[in-house]
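*Asks:* Sharing a structure here in structure tokens format.
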Number of protein chains: 4
Amino acid sequence: MAADALPRDIEAVVRRVEAAGARAYVSRGFSRVIIGLVGDVDGLGALNLRAMPGVGAVTRISTKYKLVSREHRPGRSVVQVGGVPIGPDTVTLIAGPCAVETPDQTLAAARMARAAGATLLRGGAFKPRTSPYAFQGLGEAGLRILADVRAETGMPVVTEVVSAHDVDTVAAYADMLQIGTRNMQNFPLLQAVGAAGRPVLLKRGMSATIEEWLMAAEYIAQRGNLDIVLCERGIRTFEKSTRNTLDISAVPVAQWLSHLPVVVDPSHSGGRRELVLPLSRAAIVAGADGLIVDVHPHPETALCDGPQAIVTEDLPVLADTLTGLAAFMGRRLPAPAQAPASAQAPAEPLAEAVAEPT
Amino acid sequence: MAADALPRDIEAVVRRVEAAGARAYVSRGFSRVIIGLVGDVDGLGALNLRAMPGVGAVTRISTKYKLVSREHRPGRSVVQVGGVPIGPDTVTLIAGPCAVETPDQTLAAARMARAAGATLLRGGAFKPRTSPYAFQGLGEAGLRILADVRAETGMPVVTEVVSAHDVDTVAAYADMLQIGTRNMQNFPLLQAVGAAGRPVLLKRGMSATIEEWLMAAEYIAQRGNLDIVLCERGIRTFEKSTRNTLDISAVPVAQWLSHLPVVVDPSHSGGRRELVLPLSRAAIVAGADGLIVDVHPHPETALCDGPQAIVTEDLPVLADTLTGLAAFMGRRLPAPAQAPASAQAPAEPLAEAVAEPT
Amino acid sequence: MAADALPRDIEAVVRRVEAAGARAYVSRGFSRVIIGLVGDVDGLGALNLRAMPGVGAVTRISTKYKLVSREHRPGRSVVQVGGVPIGPDTVTLIAGPCAVETPDQTLAAARMARAAGATLLRGGAFKPRTSPYAFQGLGEAGLRILADVRAETGMPVVTEVVSAHDVDTVAAYADMLQIGTRNMQNFPLLQAVGAAGRPVLLKRGMSATIEEWLMAAEYIAQRGNLDIVLCERGIRTFEKSTRNTLDISAVPVAQWLSHLPVVVDPSHSGGRRELVLPLSRAAIVAGADGLIVDVHPHPETALCDGPQAIVTEDLPVLADTLTGLAAFMGRRLPAPAQAPASAQAPAEPLAEAVAEPT
Amino acid sequence: MAADALPRDIEAVVRRVEAAGARAYVSRGFSRVIIGLVGDVDGLGALNLRAMPGVGAVTRISTKYKLVSREHRPGRSVVQVGGVPIGPDTVTLIAGPCAVETPDQTLAAARMARAAGATLLRGGAFKPRTSPYAFQGLGEAGLRILADVRAETGMPVVTEVVSAHDVDTVAAYADMLQIGTRNMQNFPLLQAVGAAGRPVLLKRGMSATIEEWLMAAEYIAQRGNLDIVLCERGIRTFEKSTRNTLDISAVPVAQWLSHLPVVVDPSHSGGRRELVLPLSRAAIVAGADGLIVDVHPHPETALCDGPQAIVTEDLPVLADTLTGLAAFMGRRLPAPAQAPASAQAPAEPLAEAVAEPT
């Protein structure tokens with residue numbers, strides 16, 4: 001209560017709280033009164049106590065998310081993606097091109113990814129771009145390329161979905177659905193992927209707090225899907241020498257608050273190829289459960305984010321880093337997926353798919 | 001070019017630029033070479049010059065948006081919403097409840113809005129909420145309430161749409177479609193509202209630069225809809241004594257860069273009722289073309305954002321402020337909409353609509 | 001207390017608090033215990049309770065500043081600067097060149113300032129510059145120029161001091177000492193100006209919260225000097241189209257928390273001449289007690305911050321704005337200082353002062 | 001030049017540049033003209049071209065710092081502190097209490113520091129505190145304690161100086177002078193430590209860009225002192241779950257731009273004891289040349305920043321981490337200082353020093 005709250009203000013708060021079926025504990029000090037509330041927190045939030053006379057501030061003490069919290073599930077979870085685990089015992093590398101451009105480029109990038117130690121293939125078919133004049137992705141033709149490359153390499157596929165309308169289509173091809181940073185609070189999309197029966201990679205919004213990120217995960221979890229992997233990809237700050245500022249502390253903090261695995265995207269965080277290796281190393285020893293890295297066979301002609309893709313000469317260095325630092329952390333690299341990956345590639349030949357971009 | 005760029009690096013850049021049909025102008029200094037590029041900027045962007053040997057930095061000089069720029073249309077635009085103008089000659093007040101809760105609450109809020117000088121009614125039927133446990137809005141039942149209140153008061157309706165899937169439904173009831181801060185870069189949604197045949201209120205993303213905001217508007221404009229009103233609603237900063245930090249400078253800056261009208265939301269910027277009047281005054285004299293304000297007949301029981309809603313005693317003060325400061329700025333308040341507003345209210349009785357919330 | 005706190009943890013906290021002479025009130029809920037503490041807050045802070053077993057979080061409820069708070073002095077203060085008031089009844093314009101360069105330039109700028117309605121003259125003799133290669137000010141020779149211009153125009157002088165070592169020198173010439181944004185937490189300097197017997201203009205640090213700003217003011221106040229004027233000058237954010245982001249909400253918020261006057265610097269906030277008038281208008285109607293504005297007779301050759309200085313043609317517009325909006329806010333412009341300003345100008349002739357810059 | 005620049009505007013710019021002895025290269029495109037300038041950059045900055053008619057923007061391409069840049073000295077520097085190196089071949093741990101409180105506490109903390117692998121002792125005698133009511137340090141009595149503990153342990157001493165006035169005193173006791181985050185742009189202080197003949201640890205300002213940090217280092221270097229170590233200690237962002245956001249990318253970026261060593265402060269970055277180890281690991285593999293860590297024998301009673309100090313059980317873990325990850329990075333831990341450290345401890349007995357705090 002404010003310093004100048006009247007006794008009737010205090011009584012009014014207590015009455016409103018008790019009328020809502022909760023309890024109010026009044027602590028009286030020399031200059032101030034504090035009222036502790038116990039009960040259904042969301043119900044209490046709806047009481048709008050802050051607008052009552054004499055109320056100085058309302059501070060919530062319990063967390064705003066439940067299913068994804070450590071209180072709900074004390075251990076740390078493992079999420080399986082087409083037979084490849086992401087969790088506390090492994091360091092899982094997801095790699096591939098920022099955008100799927102052609103079958104050749106995607107297959108070459110997948111082989112690069114594998115050479116770097118990757119067991120999951122990333123690649124964008126639907127691309128959210130800040131400028132409407134930038135390349136927007138191949139759409140379903142890109143998904144078919146990814147499925148073909150999975151059939152060729154055995155690597156399960158992680159790809160972004162940008163609209164609730166596309167979730168079923170993307171889920172028909174992909175092993176894991178990615179929610180991009182701009183869609184972290186696209187709630188209809190979160191609910192749609194929550195119901196799609198695929199694991200989800202949830203990127204942190206570029207100005208989202210860790211708490212908001214976990215609330216976004218809660219939207220997915222509420223639909224019955226707890227196979228969620230959190231992805232730190234840098235936040236927006238005043239510093240402009242990097243594309244974003246990698247919030248390396250978010251890795252352990254999110255792992256303390258939530259049982260979900262946390263991976264790091266060093267490519268989008270730094271926005272420059274030279275930063276990918278230092279940030280990858282930092283992420284692993286900060287405790288990340290994996291990395292997601294852009295690779296491109298010809299970054300100088302990439303249609304999307306070429307400057308941040310690593311190139312062939314970086315691959316063995318990254319592979320050695322992963323092996324060495326995973327061991328330091330008492331972890332291992334996961335085995336490649338064994339069987340044909342779970343989602344089926346469509347029968348159409350690859351060349352045609354590219355001939356008819358959406 | 002970097003200080004240590006070789007002559008062959010410079011030649012390579014020039015060749016690549018010219019091969020793409022653009023021109024390269026080389027300026028040689030004592031310690032550095034600068035190459036000026038002229039041609040299709042997006043094509044040049046795809047060349048990925050930054051990844052070439054010897055390139056130090058690539059700086060874009062022209063704007064990344066076209067249709068919404070002052071270069072495209074030198075004057076300032078007027079957007080008509082159900083017969084009410086938003087533009088350089090007027091200060092237009094949009095007011096109403098943050099969320100539509102009941103017919104009575106909405107009608108009472110609309111009457112408050114009118115008493116404050118509003119000519120457009122705002123109210124949320126689809127509510128994007130950070131927490132999945134918070135009230136998510138009445139959905140289509142809420143739209144019907146808004147339409148009924150429009151029929152009763154004659155005030156055209158501004159309401160949010162959160163999913164491309166809902167655009168047709170919302171457009172059937174609303175006079176103006178609002179895109180919320182969390183959806184500023186939801187590109188499928190932007191494209192859908194661009195094709196919906198209704199004016200759009202585009203809120204700035206909470207961490208979006210002014211340039212990104214204008215690129216988001218360009219997504220809408222590209223679909224043939226230039227009836228876009230920009231809404232500054234505060235940005236995310238380190239300061240926590242206000243919900244967001246109102247970027248008052250964004251009003252004139254956006255107006256210099258774009259011909260679109262710019263309005264300000266003092267309610268969500270400050271997040272506290274006491275700030276609504278000071279920020280409203282500041283917005284008008286900074287040159288805003290209008291305001292969008294939360295009002296609620298009973299803010300202490302509001303299901304959404306009660307602490308920031310203004311109350312009955314604030315209404316005449318806001319009305320006087322509008323009149324006085326609009327005159328100071330050489331503007332006027334727009335006349336109320338004359339005829340029945342353009343979108344038709346459905347025939348169903350109001351009580352039933354509320355009895356079956358979505 | 002954390003959800004898993006043991007009874008002995010709770011007892012230990014209570015014992016430590018009571019041993020320190022304060023009181024602990026225990027509120028027991030279903031899943032958590034909250035302990036309210038009452039007593040000397042700084043003593044309680046030193047107990048370091050957050051490090052004790054079972055403690056979840058420690059939240060301070062009372063303010064961290066005292067002398068400058070509204071609780072200490074409920075009304076709003078007026079600060080007199082050489083006979084010119086800054087406070088709730090007036091809108092006081094402080095104007096002048098960013099840096100003192102020559103007697104002619106300073107005198108011309110002072111006349112411009114007066115034409116714009118200014119009653120106080122600003123001008124920097126000691127300039128803190130981000131780059132060591134930028135012009136650092138004339139030092140004491142600049143102070144002598146300011147004193148001569150005061151003698152000529154009757155305008156009391158506001159000037160920056162950047163080092164505790166210089167405080168006595170600057171105080172010998174100036175009517176008000178300015179603490180710049182980079183020195184807001186230069187505590188020895190704050191203490192030195194607190195003891196110097198001159199009113200102080202305290203600029204907000206570019207990344208300081210309002211609370212930290214008021215704690216910086218408290219450092220000055222503790223030395224017995226409550227003649228402090230707070231100056232909002234923009235904060236650092238991700239937005240780069242303006243030099244800083246003017247936090248217009250800080251004006252009313254700081255006035256609610258503190259009895260000190262609050263002025264706004266529209267020149268440094270925006271960093272561009274075209275923004276000075278819109279931001280000045282916004283500041284006045286947000287309730288600012290004054291403005292501090294850069295003027296320069298020849299901004300195109302200014303040694304410091306030329307792009308943000310207003311020019312001759314802006315002066316009558318600013319004067320009209322001040323008069324019109326001060327009246328709207330129920331305020332007036334202060335009368336010019338009557339008598340010779342309080343601090344004495346040294347006897348040396350002006351030309352010599354300039355001939356020997358420090 | 002702006003799109004609507006006139007030919008005479010372009011000529012005026014060229015004439016002014018050439019009159020200043022520099023060269024202007026005009027590149028004419030379809031819609032715009034770009035003028036490249038070559039010459040003395042600071043002289044060109046003083047021309048204030050941005051204020052000229054028709055000028056759209058002025059972009060500086062060369063760096064604003066010289067002596068500390070890689071262009072000035074292509075290799076990476078080693079800074080010797082009392083015989084202990086900080087540079088590219090080593091990972092140097094600086095550890096000790098946040099504040100010097102008593103001889104016993106300081107000696108115990110120094111032994112803890114050594115057990116964790118530290119070869120340099122940190123400890124604050126002059127403490128800049130946000131609140132004037134917080135413990136401000138023991139002053140010179142604290143310096144004497146540090147000198148005594150150095151005599152006892154052989155560890156050279158790193159300690160903060162907060163005022164130009166104190167630099168000689170602190171330099172008489174300390175082996176390295178620390179500039180804190182709030183003083184990064186206290187230019188008189190930077191100049192004073194630049195002339196003091198001791199190596200300097202320069203913490204990054206909490207909202208300073210990397211470029212501004214390097215310009216602050218340039219102030220020190222200009223006085224003839226290139227023995228500067230940069231310290232990343234977290235920046236201010238919107239995220240509040242950590243005290244600051246460690247900008248881990250700043251380590252490699254600063255090392256690319258400057259030859260100076262870069263160390264990381266994981267204690268102040270995270271503000272919580274549990275984050276010290278993860279952030280220390282991340283810092284080493286990101287390439288940091290050292291760490292500076294808070295240790296305290298009894299953090300629960302520390303007078304300053306107790307919650308972030310590591311405790312006895314953390315020491316062997318940190319020591320193993322340092323050894324293991326330094327080896328991974330091809331570095332080693334430096335040998336302890338051999339001889340008596342360079343600065344002399346005063347002769348006064350320890351007990352008296354404490355009996356008379358400043």
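By convention here, the chains of the structure tokens are called A, B, ... in the order presented, each chain's residues are numbered starting at 1, and ligands are numbered starting at 1 in the order presented.
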Residual C-alpha RMSD for chain C onto chain D, least squares, all atoms in order?
*Replies:*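 Root-mean-square deviation of the C-alpha atoms: 0.1 Å.
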*Asks:* Dump as number ranges by chain the residues of chain A that approach chain C to within 12 Å, counting only C-alpha atoms.
*Replies:* A: 1-4, 22-41, 56-63, 70-71, 206-207, 235-240, 243-245
*Asks:* Keeping only C-alpha atoms, write the selected residues as a PDB file, in the first residue's frame.
*Replies:*
```
ATOM      1  CA  MET A   1       0.000   0.000   0.000  1.00  0.00           C
ATOM      2  CA  ALA A   2       1.134   3.561  -0.582  1.00  0.00           C
ATOM      3  CA  ALA A   3       2.528   5.455   2.402  1.00  0.00           C
ATOM      4  CA  ASP A   4      -0.622   7.550   2.547  1.00  0.00           C
ATOM      5  CA  ALA A  22      -8.262 -15.929  -1.865  1.00  0.00           C
ATOM      6  CA  ARG A  23      -6.497 -14.940   1.336  1.00  0.00           C
ATOM      7  CA  ALA A  24      -4.918 -11.633   2.315  1.00  0.00           C
ATOM      8  CA  TYR A  25      -2.213 -11.332   4.991  1.00  0.00           C
ATOM      9  CA  VAL A  26      -1.666  -7.824   6.304  1.00  0.00           C
ATOM     10  CA  SER A  27       1.818  -6.861   7.589  1.00  0.00           C
ATOM     11  CA  ARG A  28       1.883  -3.492   9.328  1.00  0.00           C
ATOM     12  CA  GLY A  29       5.172  -1.568   9.539  1.00  0.00           C
ATOM     13  CA  PHE A  30       6.089   1.852  10.843  1.00  0.00           C
ATOM     14  CA  SER A  31       5.425   3.673   7.632  1.00  0.00           C
ATOM     15  CA  ARG A  32       3.808   1.163   5.333  1.00  0.00           C
ATOM     16  CA  VAL A  33       1.448  -1.788   5.141  1.00  0.00           C
ATOM     17  CA  ILE A  34       2.179  -4.779   2.928  1.00  0.00           C
ATOM     18  CA  ILE A  35      -0.564  -7.237   2.031  1.00  0.00           C
ATOM     19  CA  GLY A  36       0.476 -10.731   0.958  1.00  0.00           C
ATOM     20  CA  LEU A  37      -2.029 -12.551  -1.263  1.00  0.00           C
ATOM     21  CA  VAL A  38      -2.390 -16.304  -1.556  1.00  0.00           C
ATOM     22  CA  GLY A  39      -4.714 -18.021  -3.997  1.00  0.00           C
ATOM     23  CA  ASP A  40      -5.288 -18.399  -7.737  1.00  0.00           C
ATOM     24  CA  VAL A  41      -2.840 -15.918  -9.162  1.00  0.00           C
ATOM     25  CA  GLY A  56       1.168   1.554  -4.229  1.00  0.00           C
ATOM     26  CA  ALA A  57       2.318  -1.434  -6.241  1.00  0.00           C
ATOM     27  CA  VAL A  58       1.353  -5.025  -6.974  1.00  0.00           C
ATOM     28  CA  THR A  59       4.244  -7.491  -7.282  1.00  0.00           C
ATOM     29  CA  ARG A  60       3.728 -11.028  -8.500  1.00  0.00           C
ATOM     30  CA  ILE A  61       5.981 -13.597  -6.900  1.00  0.00           C
ATOM     31  CA  SER A  62       5.022 -16.916  -8.519  1.00  0.00           C
ATOM     32  CA  THR A  63       5.879 -17.624 -12.167  1.00  0.00           C
ATOM     33  CA  ARG A  70      11.057 -26.654 -13.360  1.00  0.00           C
ATOM     34  CA  GLU A  71       8.439 -26.668 -10.629  1.00  0.00           C
ATOM     35  CA  MET A 206      14.526 -10.205 -30.400  1.00  0.00           C
ATOM     36  CA  SER A 207      13.241  -8.054 -27.568  1.00  0.00           C
ATOM     37  CA  ILE A 235      18.606  -9.756 -28.470  1.00  0.00           C
ATOM     38  CA  ARG A 236      18.315  -6.208 -29.711  1.00  0.00           C
ATOM     39  CA  THR A 237      20.465  -3.671 -27.881  1.00  0.00           C
ATOM     40  CA  PHE A 238      22.161  -0.354 -28.583  1.00  0.00           C
ATOM     41  CA  GLU A 239      25.378  -2.092 -29.734  1.00  0.00           C
ATOM     42  CA  LYS A 240      25.592  -2.098 -33.524  1.00  0.00           C
ATOM     43  CA  ARG A 243      23.653  -7.943 -35.750  1.00  0.00           C
ATOM     44  CA  ASN A 244      22.231  -8.813 -32.342  1.00  0.00           C
ATOM     45  CA  THR A 245      23.734  -9.231 -28.861  1.00  0.00           C
TER      46      THR A 245
END
```
*Asks:* State, in Å with one decimal place, the distance from CA of Ser280 (chain B) to CA of Ser77 (chain C).
*Replies:*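 The value is 25.4 Å.
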*Asks:* With a distance cut-off of 6 Å and only C-alpha atoms, select the neighbouring residues of region 265-273 of chain B, excluding the residue or stretch itself and same-chain residues fewer than 2 positions from it, and output the selection as a PDB file with N, CA and C atoms, in the first residue's frame.
*Replies:*
```pdb
ATOM      1  N   ARG B 233       3.491   3.447 -30.191  1.00  0.00           N
ATOM      2  CA  ARG B 233       2.899   2.993 -28.929  1.00  0.00           C
ATOM      3  C   ARG B 233       3.957   2.688 -27.867  1.00  0.00           C
ATOM      4  N   GLY B 234       5.140   3.273 -28.051  1.00  0.00           N
ATOM      5  CA  GLY B 234       6.191   3.055 -27.054  1.00  0.00           C
ATOM      6  C   GLY B 234       7.097   1.920 -27.464  1.00  0.00           C
ATOM      7  N   THR B 242       7.931   3.045 -16.581  1.00  0.00           N
ATOM      8  CA  THR B 242       6.767   3.084 -17.473  1.00  0.00           C
ATOM      9  C   THR B 242       6.728   1.762 -18.243  1.00  0.00           C
ATOM     10  N   ARG B 243       5.540   1.392 -18.693  1.00  0.00           N
ATOM     11  CA  ARG B 243       5.389   0.101 -19.378  1.00  0.00           C
ATOM     12  C   ARG B 243       6.279   0.024 -20.616  1.00  0.00           C
ATOM     13  N   ASN B 244       6.262   1.088 -21.403  1.00  0.00           N
ATOM     14  CA  ASN B 244       7.151   1.232 -22.546  1.00  0.00           C
ATOM     15  C   ASN B 244       7.670   2.669 -22.519  1.00  0.00           C
ATOM     16  N   LEU B 246       7.598   5.953 -24.596  1.00  0.00           N
ATOM     17  CA  LEU B 246       7.030   6.612 -25.777  1.00  0.00           C
ATOM     18  C   LEU B 246       8.144   7.311 -26.536  1.00  0.00           C
ATOM     19  N   LEU B 275      -0.522   9.034 -16.825  1.00  0.00           N
ATOM     20  CA  LEU B 275       0.331   9.489 -17.932  1.00  0.00           C
ATOM     21  C   LEU B 275      -0.459   9.772 -19.202  1.00  0.00           C
ATOM     22  N   VAL B 276      -1.727   9.372 -19.258  1.00  0.00           N
ATOM     23  CA  VAL B 276      -2.458   9.488 -20.519  1.00  0.00           C
ATOM     24  C   VAL B 276      -2.589  10.949 -20.945  1.00  0.00           C
ATOM     25  N   LEU B 279       0.926  12.592 -21.952  1.00  0.00           N
ATOM     26  CA  LEU B 279       1.439  12.054 -23.218  1.00  0.00           C
ATOM     27  C   LEU B 279       0.528  12.406 -24.386  1.00  0.00           C
ATOM     28  N   SER B 280      -0.767  12.535 -24.134  1.00  0.00           N
ATOM     29  CA  SER B 280      -1.672  12.964 -25.211  1.00  0.00           C
ATOM     30  C   SER B 280      -1.324  14.383 -25.653  1.00  0.00           C
ATOM     31  N   LEU B 291      -4.919  10.288 -31.834  1.00  0.00           N
ATOM     32  CA  LEU B 291      -4.591   9.535 -30.622  1.00  0.00           C
ATOM     33  C   LEU B 291      -5.486   8.306 -30.566  1.00  0.00           C
ATOM     34  N   ILE B 292      -5.000   7.268 -29.909  1.00  0.00           N
ATOM     35  CA  ILE B 292      -5.836   6.109 -29.617  1.00  0.00           C
ATOM     36  C   ILE B 292      -5.707   5.816 -28.134  1.00  0.00           C
ATOM     37  N   VAL B 293      -6.848   5.898 -27.431  1.00  0.00           N
ATOM     38  CA  VAL B 293      -6.847   5.946 -25.965  1.00  0.00           C
ATOM     39  C   VAL B 293      -7.787   4.887 -25.409  1.00  0.00           C
ATOM     40  N   PRO B 307      -5.371  -0.605 -15.411  1.00  0.00           N
ATOM     41  CA  PRO B 307      -4.652   0.528 -14.809  1.00  0.00           C
ATOM     42  C   PRO B 307      -4.355   1.666 -15.769  1.00  0.00           C
ATOM     43  N   GLN B 308      -4.435   1.417 -17.070  1.00  0.00           N
ATOM     44  CA  GLN B 308      -4.100   2.499 -17.985  1.00  0.00           C
ATOM     45  C   GLN B 308      -5.321   3.179 -18.595  1.00  0.00           C
ATOM     46  N   ALA B 309      -6.518   2.712 -18.280  1.00  0.00           N
ATOM     47  CA  ALA B 309      -7.722   3.315 -18.855  1.00  0.00           C
ATOM     48  C   ALA B 309      -8.060   4.621 -18.130  1.00  0.00           C
ATOM     49  N   ILE B 310      -8.479   5.615 -18.904  1.00  0.00           N
ATOM     50  CA  ILE B 310      -8.919   6.846 -18.247  1.00  0.00           C
ATOM     51  C   ILE B 310     -10.373   6.671 -17.819  1.00  0.00           C
TER      52      ILE B 310
END
```
*Asks:* Check the DSSP output for the backbone and give back, as a CSV table (one decimal) with N, CA, C and O atoms, in the first residue's frame, the residues of region 10-164 of chain C in strand (DSSP E).
*Replies:*
```
chain,number,residue,atom,x,y,z
C,23,ARG,N,12.0,-5.4,12.3
C,23,ARG,CA,11.0,-6.4,12.6
C,23,ARG,C,10.7,-7.2,11.3
C,23,ARG,O,10.8,-6.7,10.2
C,24,ALA,N,10.3,-8.4,11.5
C,24,ALA,CA,10.0,-9.3,10.4
C,24,ALA,C,8.5,-9.9,10.6
C,24,ALA,O,8.2,-10.4,11.7
C,25,TYR,N,7.7,-9.7,9.6
C,25,TYR,CA,6.3,-10.2,9.6
C,25,TYR,C,6.2,-11.3,8.6
C,25,TYR,O,6.4,-11.2,7.4
C,26,VAL,N,5.8,-12.5,9.2
C,26,VAL,CA,5.8,-13.7,8.3
C,26,VAL,C,4.3,-14.0,7.9
C,26,VAL,O,3.4,-14.1,8.7
C,27,SER,N,4.1,-14.0,6.5
C,27,SER,CA,2.8,-14.3,5.9
C,27,SER,C,2.9,-15.7,5.3
C,27,SER,O,3.7,-15.9,4.4
C,28,ARG,N,2.1,-16.7,5.8
C,28,ARG,CA,2.2,-18.0,5.3
C,28,ARG,C,1.1,-18.3,4.3
C,28,ARG,O,-0.1,-18.1,4.6
C,33,VAL,N,6.0,-18.7,1.6
C,33,VAL,CA,6.0,-17.8,2.7
C,33,VAL,C,6.6,-16.5,2.3
C,33,VAL,O,7.6,-16.4,1.6
C,34,ILE,N,6.0,-15.3,2.7
C,34,ILE,CA,6.5,-14.0,2.4
C,34,ILE,C,6.8,-13.4,3.7
C,34,ILE,O,6.0,-13.4,4.7
C,35,ILE,N,8.0,-12.8,3.9
C,35,ILE,CA,8.4,-12.1,5.1
C,35,ILE,C,8.5,-10.6,4.8
C,35,ILE,O,9.3,-10.2,3.9
C,36,GLY,N,7.7,-9.8,5.5
C,36,GLY,CA,7.8,-8.3,5.3
C,36,GLY,C,8.7,-7.8,6.4
C,36,GLY,O,8.6,-8.1,7.5
C,37,LEU,N,9.6,-6.9,5.9
C,37,LEU,CA,10.6,-6.3,6.9
C,37,LEU,C,10.3,-4.9,7.1
C,37,LEU,O,10.0,-4.1,6.1
C,38,VAL,N,10.4,-4.4,8.3
C,38,VAL,CA,10.2,-3.0,8.6
C,38,VAL,C,11.4,-2.6,9.5
C,38,VAL,O,11.7,-3.2,10.5
C,79,VAL,N,13.8,26.7,-8.0
C,79,VAL,CA,15.3,26.9,-7.9
C,79,VAL,C,15.5,28.3,-8.5
C,79,VAL,O,15.1,28.5,-9.7
C,80,GLN,N,16.2,29.1,-7.8
C,80,GLN,CA,16.5,30.5,-8.3
C,80,GLN,C,18.0,30.5,-8.9
C,80,GLN,O,18.9,30.0,-8.2
C,81,VAL,N,18.1,30.9,-10.1
C,81,VAL,CA,19.4,31.0,-10.8
C,81,VAL,C,19.7,32.4,-11.2
C,81,VAL,O,19.2,33.0,-12.1
C,84,VAL,N,16.6,34.2,-11.6
C,84,VAL,CA,15.6,33.7,-12.6
C,84,VAL,C,15.1,32.4,-12.0
C,84,VAL,O,15.9,31.5,-11.7
C,85,PRO,N,13.8,32.2,-11.8
C,85,PRO,CA,13.2,31.0,-11.2
C,85,PRO,C,13.1,29.9,-12.2
C,85,PRO,O,12.8,30.1,-13.4
C,86,ILE,N,13.3,28.6,-11.7
C,86,ILE,CA,12.9,27.4,-12.5
C,86,ILE,C,12.0,26.7,-11.5
C,86,ILE,O,12.4,26.3,-10.4
C,92,THR,N,11.0,28.1,-18.2
C,92,THR,CA,12.3,28.9,-18.3
C,92,THR,C,13.1,28.4,-19.4
C,92,THR,O,13.4,27.2,-19.5
C,93,LEU,N,13.5,29.3,-20.3
C,93,LEU,CA,14.3,28.8,-21.4
C,93,LEU,C,15.8,29.2,-21.1
C,93,LEU,O,16.1,30.3,-20.9
C,94,ILE,N,16.6,28.1,-21.2
C,94,ILE,CA,18.1,28.3,-21.1
C,94,ILE,C,18.6,28.1,-22.5
C,94,ILE,O,18.3,27.0,-23.1
C,95,ALA,N,19.3,29.0,-23.1
C,95,ALA,CA,19.8,28.8,-24.4
C,95,ALA,C,21.2,29.4,-24.6
C,95,ALA,O,21.6,30.2,-23.8
C,96,GLY,N,21.9,28.9,-25.6
C,96,GLY,CA,23.2,29.4,-25.9
C,96,GLY,C,24.0,28.4,-26.8
C,96,GLY,O,23.4,27.4,-27.2
C,120,LEU,N,18.2,32.6,-19.4
C,120,LEU,CA,19.5,32.1,-18.9
C,120,LEU,C,20.3,31.7,-20.1
C,120,LEU,O,19.8,31.2,-21.1
C,121,LEU,N,21.6,31.9,-19.9
C,121,LEU,CA,22.6,31.6,-21.0
C,121,LEU,C,23.3,30.4,-20.7
C,121,LEU,O,23.9,30.2,-19.6
C,122,ARG,N,23.3,29.4,-21.6
C,122,ARG,CA,24.2,28.2,-21.5
C,122,ARG,C,25.4,28.4,-22.4
C,122,ARG,O,25.3,29.1,-23.4
C,157,VAL,N,24.5,32.7,-16.1
C,157,VAL,CA,25.2,31.7,-16.9
C,157,VAL,C,25.1,30.3,-16.3
C,157,VAL,O,25.3,30.1,-15.1
C,158,VAL,N,24.8,29.4,-17.2
C,158,VAL,CA,24.8,27.9,-16.8
C,158,VAL,C,25.9,27.3,-17.6
C,158,VAL,O,26.0,27.4,-18.9
C,159,THR,N,26.9,26.6,-16.9
C,159,THR,CA,28.0,26.0,-17.7
C,159,THR,C,28.4,24.7,-17.0
C,159,THR,O,28.2,24.6,-15.8
C,160,GLU,N,29.0,23.8,-17.8
C,160,GLU,CA,29.3,22.5,-17.3
C,160,GLU,C,30.6,22.5,-16.6
C,160,GLU,O,31.6,23.2,-16.9
```
*Asks:* Go ahead and compute the interatomic distance for CA of Pro156 (chain C) and CA of Ala99 (chain C), in Å to one decimal.
*Replies:*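 Between these atoms lies a distance of 16.4 Å.
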